[in-house]
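S.K.: This structure is in structure tokens; I'll ask about it shortly.
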Amino acid sequence: MKILTVIGARPQFIKAAALSRVLRRDNEEILVHTGQHYDANMSDIFFDELEIPRPDHNLGISGGSHGSMTGRMIIALEEILLAEKPDALLLFGDTNSTISGAIAASKLHVPIIHVEAGVRLGTLENPEEVNRVVTDRLSALHFCCTESSVEFLKKEGLSSTAHLVGDPMYDAFLFYRSRAPKISDIRLTSLDGGTVCVPEKYNYITCHRQENTQSPDALFEILSAVNSLSVPAVYPVHPRNRAMALSLCEQHGFENIIFCNPVGYLESIALVSSACQVVTDSGGVQREAFFAGVQCVTVLDFVCWPETMVDGRNQLVRPDKADILEKLRAPMTVDESYKPFGDGHSCEKICEIIAQTF
Ligand code: UD1
Ligand code: UDP
């Protein structure tokens, strides 16, 4: 088959790294990078470290409002679909690159394969939820990471095309963790350009969601909580809120937090795995903390990955210092036999089902 894959954002590069390797054994893959993420440490570093094939097309589309970005991507992806004439379009997750691909392909009757389908927060106020719901509605095949995603799709009448395969992020985590650097070998680049080592004991924090970065209040609460903990925190700052983080740092010091540039995936999974605790609003990082058995709190109003919310392993917190500190004091136990994200071979299963379906 000729499959056209659209990626554009950091977590999609990681999922594509796991899937492309398997997909290309029996299929021709045309890789399209929309350009949504474009800084070297948000894009190139993943292609280099994870040996992702170079994109066949890079649309160079980024920034602007949701509507502007999505509109420009639909126009460009339609042209590529018309020129490449793929048998199917493959999409990951819930970004603006995802929904753009779904709209462009559905109007051209190109069947859509959605990987990481069926995730639901239950609110259309979350911009990614809109992308998920529309993409799932337009897709011909839905690959779900967990049982809860299959259940959501059933409720929406999509059970006949939903397949529980496990999580490609878990495949990636297991595949790449042997290549992850030792913590003592990691050199962070601080936001002022200096080089910093990772302390022996540290917490890992990531925070970039629109919900937490629209005004400085939420980020201030999160940083205040993390700054007051007994070990320092490593915080790779997403470009979305770099200016806000720098300004809060200047105003409040936050000397117990190392503000640094985004790191590569191998560094990130090393940092998650050896952290004392994780504070995040990332869908990927909260799962990686779970994979590594590290306690996590997730700063969101809605549950994203219910399977992780057991035994004190991951809890929702409000962007509120007291709430974050209280939840971080909760006891945690890890049941090693509980593996809700599959067996690390979701990508093989996805490729088998694609071959049987088309
Ligand atoms: C997007 C996804 C989100 C995902 C995140 C992963 C949508 C709606 N959201 O959010 O689901 O969790 O990616 O990281 O698609 N920017 C740079 N350099 C870059 C990338 C972005 O400066 O390399 C700037 C952009 O110009 C923009 C801002 O960061 O102003 C936000 O980027 P955008 O791609 O719109 O959304 P994310 O917050 O990255
Ligand atoms: N990540 C990374 N470098 C960083 C921060 C995160 O490689 O500086 C990785 C992280 O380990 C996870 C993925 O990026 O694999 C998550 O992406 P992100 O948080 O941007 O998006 P989300 O998962 O929330 O959609």
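By convention here, the chains of the structure tokens are called A, B, ... in the order presented, each chain's residues are numbered starting at 1, and ligands are numbered starting at 1 in the order presented.
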Please identify every polymer residue within 6 Å of ligand 2, using only C-alpha atoms and all ligand atoms, and present the set as a list in words.
M.R.: Arg10, Pro11, Pro236, Pro262, Val263, Gly264, Tyr265, Ser268, Ile269, Ser282, Gly283, Gly284 and Val285 of chain A
S.K.: Taking 2 positions as the minimum chain separation for residues in the same chain, which residues sit within 10 Å of Leu271 in chain A when counting only C-alpha atoms? Answer as a list of chain:residue names.
M.R.: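 Here the qualifying residues turn out to be A:Ala180, A:Pro181, A:Lys182, A:Ile183, A:Ile186, A:Val198, A:Tyr202, A:Asn203, A:Tyr204, A:Ile205, A:Val234, A:Val263, A:Tyr265, A:Leu266, A:Glu267, A:Ser268, A:Ile269, A:Ser273, A:Ser274, A:Ala275, A:Cys276, A:Val278, A:Ala289.
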S.K.: Based on DSSP run over this structure's backbone, return all residues of range 25-58 of chain A in strand (DSSP E or B), as a list in words.
M.R.: Glu28, Glu29, Ile30, Leu31, Val32, His33, His57 and Asn58 of chain A
S.K.: What's the 6 Å shell around Gly8 in chain A, counting only C-alpha atoms, without same-chain residues fewer than 6 positions away, as a list in words?
M.R.: His33, Thr34, Gly35, Gln36, His37 and Ser97 of chain A
S.K.: Can you tell me which residues surround Asn96 in chain A at a distance of at most 12 Å, considering only C-alpha atoms, apart from same-chain residues fewer than 5 positions away, and format the answer as a PyMOL selection string?
M.R.: chain A and resi 6-9+12+34-37+61-74+91+101-103+127-132+134-135
S.K.: Tell me which of A:Arg318, A:Lys154, A:Arg313, A:Lys349 sits closest to Asp301 in chain A, counting only C-alpha atoms.
M.R.: A:Arg318
S.K.: Which of these residues is nearest to ligand 1, using only C-alpha atoms and all ligand atoms: A:Glu29, A:Asp192, A:Asp281, A:Glu200?
M.R.: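 For ligand 1, the nearest of the given residues is A:Asp281.
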S.K.: Can you pull out every residue from range 81-287 of chain A that DSSP, working from the backbone, puts in helix (DSSP H, G or I), and format the result as a PyMOL selection string?
M.R.: chain A and resi 81-84+96-107+127-138+147-155+159-161+168-179+183-185+210-213+216-227+239-252+265-274+283-287
